[in-house]
Amino acid sequence: MTATRPASSSAPTDSTRPYDLAVVGAGIVGLAVARELLTRHPGLRLVVVDKEPQVGRHQTGHNSGVVHAGIYYQPGSLKARLCVEGAAALMAYCEQRSIALDRCGKVIVALGEHELGRLDELERRGRANGVPGLRRLDGAQLREVEPHAAGIAALHSPNTAIVDFPAVTRALADDVVAAGGTLALGREVTGVARRAGTRPGAGEVVLEHGGAGGAAVAGGADGAHAARAGAEPTVARRAVFCAGLWADRVARAAGADADPRIVPFRGQYLRLAPSAQDLVRGLIYPVPDPALPFLGVHLTKHVSGDVLAGPSALLVGARDAYEIRRVRPGDLRETLAWPGTWRVMARYWRSGLDEMRLAASRRAFGAACAQYVPQLRAQDLLPGPAGVRAQAVSRDGRLVDDFVFSESPDALHVRNAPSPAATSALAIAAMIADRAEGALAL
């Protein structure tokens with residue numbers, strides 16, 4: 001277990017001196033929340049707790065790197081508002097911190113007339129959400145933007161960008177440490193309890209940790225210069241849980257509702273061979289199925305210069321199934337015991353079969369990509385990275401399609417924050433900070 005703190009920190013290290021606030025989760029959302037609250041409340045005794053030895057190890061470190069513009073989301077939804085606000089804030093932050101960001105632009109391509117109605121709806125949503133620079137293209141205009149793309153029409157979002165989200169997350173972690181916060185990494189939360197506080201009428205949240213201890217680190221977010229430390233509980237007056245793939249588990253431990261449940265979907269990417277990368281200038285996306293919260297197989301430029309194809313969306317047996325064969329019995333039991341899982345499978349079994357075919361066959365994957373860039377061939381696709389999406393599924397089998405936040409005594413919970421959560425992180429943080437100042441009386 002690893003704790004990281006600035007050398008000058010006077011933050012408490014035992015249960016007799018509680019923190020003012022504990023943030024559980026050192027992904028981009030958790031660290032953005034911590035940074036926002038430390039900015040608003042200098043001197044706040046704050047700790048960020050995470051089970052991994054480095055920040056941003058899960059959804060933050062395994063996504064496509066796209067800064068979404070806000071086209072897809074239902075006007076008035078949290079995703080719509082927070083994505084547009086968050087993208088603007090993220091771009092400004094990257095400029096401030098000299099983090100590479102490329103406004104390479106994105107086209108959402110209709111292959112035939114049967115998709116024009118859905119493209120119309122996406123255009124309506126994008127304009128209602130205030131997406132900057134959005135414009136409709138015909139086939140000839142599409143090929144001016146993406147010369148090798150096929151399609152009869154498209155939406156062009158010139159402000160859609162790509163960024164290295166792990167680099168953003170490391171910068172946020174440095175901001176937290178510089179503001180006097182503590183990073184307690186390698187400290188898995190295995191239980192959550194409440195107890196009477198040291199002051200009359202005040203309660204405390206106790207985060208219990210398993211294992212034999214971790215490492216105390218002065219400064220930085222990479223787990224260097226470690227020394228052994230104990231696994232004593234982390235105690236705070238209030239807590240904010242931003243636990244991503246494990247959000248439902250810690251929420252239940254804290255006394256929150258069991259609904260919705262996180263069901264893990266693995267997304268496999270392939271990588272275009274260097275000889276084929278010039279076929280894609282920016283981002284090429286399909287018109288998505290409105291019944292699903294996934295965007296379909298697309299082609300995505302990355303800040304490294306790579307071009308990724310994918311992802312698939314396959315239900316898996318572990319919440320960290322970056323290797324497809326990884327199965328964790330506890331994760332699998334929870335997924336299969338949830339009534340919503342079976343209702344999702346019954347409702348979307350045809351889509352599930354399609355995803356299994358894509359995951360099993362590079363030829364099928366190549367054919368899906370070649371619909372949009374006909375010059376692509378299966379041999380142009382090389383092995384690529386994989387991620388796991390923390391998809392909230394309700395008891396009645398709905399794939400929850402908006403951000404979900406809830407409360408339990410002395411705590412706030414981010415219950416569903418898949419894409420575009422990374423894009424929206426700074427806006428989510430501002431909203432969570434507003435709620436914390438009210439509900440948690442910070």
# chains A, B, ... in the order shown; residues from 1 in each chain; ligands from 1
>>> residues_around(residues="range 187-197 of chain A", least_positions_apart="2", cutoff="6 Å", atoms="only C-alpha atoms", output="MDAnalysis selection string")
chainID A and resid 1 50:51 185 199 202:210 253:254
>>> residues_around(residues="range 95-108 of chain A", least_positions_apart="3", cutoff="6 Å", atoms="only C-alpha atoms", output="list in words")
Ala92, Ala154, Leu155, His156, Ser157, Pro158, Asn159, Thr160, Ala161, Ile162, Val163, Gly282, Leu283, Ile284, Tyr285, Pro286 and Val287 of chain A
>>> residues_around(residues="range 361-368 of chain A", least_positions_apart="3", cutoff="10 Å", atoms="only C-alpha atoms", output="list in words")
Tyr269, Leu270, Gly296, Val297, His298, Ala309, Gly310, Pro311, Ser312, Asp354, Glu355, Met356, Arg357, Leu358, Gln371, Tyr372, Val373, Pro374, Leu376, Arg377, Ala378, Gln379, Asp380, Leu381, Leu382 and Pro383 of chain A
>>> write_last_selection(atoms="C-alpha atoms", output="JSON list (two decimals), in the first residue's frame")
[["chain", "number", "residue", "atom", "x", "y", "z"],
["A", 269, "TYR", "CA", -8.81, -1.70, -29.92],
["A", 270, "LEU", "CA", -6.62, -2.58, -32.86],
["A", 296, "GLY", "CA", -19.63, 1.65, -32.51],
["A", 297, "VAL", "CA", -16.32, 0.80, -34.16],
["A", 298, "HIS", "CA", -14.49, 3.98, -35.14],
["A", 309, "ALA", "CA", -9.64, 1.14, -34.56],
["A", 310, "GLY", "CA", -12.43, 0.05, -32.25],
["A", 311, "PRO", "CA", -13.51, -0.61, -29.66],
["A", 312, "SER", "CA", -15.62, -3.71, -29.40],
["A", 354, "ASP", "CA", -22.04, -9.05, -33.29],
["A", 355, "GLU", "CA", -19.58, -7.89, -30.63],
["A", 356, "MET", "CA", -18.39, -11.47, -30.04],
["A", 357, "ARG", "CA", -17.75, -11.80, -33.78],
["A", 358, "LEU", "CA", -15.72, -8.58, -33.82],
["A", 371, "GLN", "CA", -17.08, 0.53, -44.52],
["A", 372, "TYR", "CA", -15.77, 3.98, -43.58],
["A", 373, "VAL", "CA", -12.27, 3.84, -45.10],
["A", 374, "PRO", "CA", -12.48, 1.37, -48.01],
["A", 376, "LEU", "CA", -8.24, -0.43, -45.11],
["A", 377, "ARG", "CA", -7.55, -4.15, -45.09],
["A", 378, "ALA", "CA", -7.47, -6.70, -42.28],
["A", 379, "GLN", "CA", -3.68, -6.91, -42.63],
["A", 380, "ASP", "CA", -3.45, -3.19, -41.80],
["A", 381, "LEU", "CA", -4.72, -3.92, -38.26],
["A", 382, "LEU", "CA", -2.24, -4.78, -35.53],
["A", 383, "PRO", "CA", -2.83, -5.70, -31.87]]
>>> closest_residue(among="A:Arg136, A:Lys79, A:Arg435, A:Arg35", to="Ala178 in chain A", atoms="only C-alpha atoms")
A:Arg35
>>> select_by_dssp(residues="range 135-273 of chain A", states="alpha helix (DSSP H)", output="list in words")
Gly139, Ala140, Gln141, Leu142, Arg143, Glu144, Val145, Phe165, Pro166, Ala167, Val168, Thr169, Arg170, Ala171, Leu172, Ala173, Asp174, Asp175, Val176, Val177, Ala178, Ala247, Asp248, Arg249, Val250, Ala251, Arg252 and Ala253 of chain A
>>> write_last_selection(atoms="C-alpha atoms", output="short mmCIF file (atom, residue, chain, number, x, y, z; two decimals), in the first residue's frame")
data_model
loop_
_atom_site.label_atom_id
_atom_site.label_comp_id
_atom_site.auth_asym_id
_atom_site.auth_seq_id
_atom_site.Cartn_x
_atom_site.Cartn_y
_atom_site.Cartn_z
CA GLY A 139 -20.18 13.42 -49.52
CA ALA A 140 -17.82 15.71 -51.44
CA GLN A 141 -17.30 17.97 -48.40
CA LEU A 142 -16.63 14.91 -46.23
CA ARG A 143 -13.77 13.92 -48.51
CA GLU A 144 -12.30 17.40 -48.26
CA VAL A 145 -11.96 16.76 -44.51
CA PHE A 165 -5.49 11.74 -20.38
CA PRO A 166 -2.90 10.00 -18.15
CA ALA A 167 -0.69 13.09 -18.53
CA VAL A 168 -3.63 15.31 -17.53
CA THR A 169 -4.24 13.05 -14.52
CA ARG A 170 -0.63 13.22 -13.40
CA ALA A 171 -0.79 17.02 -13.63
CA LEU A 172 -3.94 17.06 -11.50
CA ALA A 173 -2.21 14.83 -8.94
CA ASP A 174 0.71 17.25 -8.80
CA ASP A 175 -1.76 20.10 -8.26
CA VAL A 176 -3.36 18.22 -5.35
CA VAL A 177 0.01 17.62 -3.70
CA ALA A 178 1.13 21.21 -4.30
CA ALA A 247 -18.27 2.59 -7.66
CA ASP A 248 -21.29 0.44 -6.81
CA ARG A 249 -19.30 -1.76 -4.44
CA VAL A 250 -18.00 1.06 -2.24
CA ALA A 251 -21.37 2.83 -2.44
CA ARG A 252 -23.15 -0.24 -1.03
CA ALA A 253 -20.50 -0.52 1.67
#
>>> closest_residue(among="A:Gly151, A:Pro233, A:Gly65, A:Gly438", to="Asp410 in chain A", atoms="only C-alpha atoms")
A:Gly438
>>> residues_around(residues="Gln391 in chain A", least_positions_apart="5", cutoff="8 Å", atoms="only C-alpha atoms", output="list in words")
Ile262, Val263, Pro264, Phe265, Leu399, Val400, Asn416 and Pro418 of chain A
>>> residues_around(residues="Leu315 in chain A", least_positions_apart="3", cutoff="12 Å", atoms="only C-alpha atoms", output="NGL selection string")
:A and (262-268 or 312 or 318-321 or 324-325 or 327 or 331-332 or 335-336 or 341-342 or 344-345 or 348-349 or 351-353 or 355-356 or 359 or 387-391)
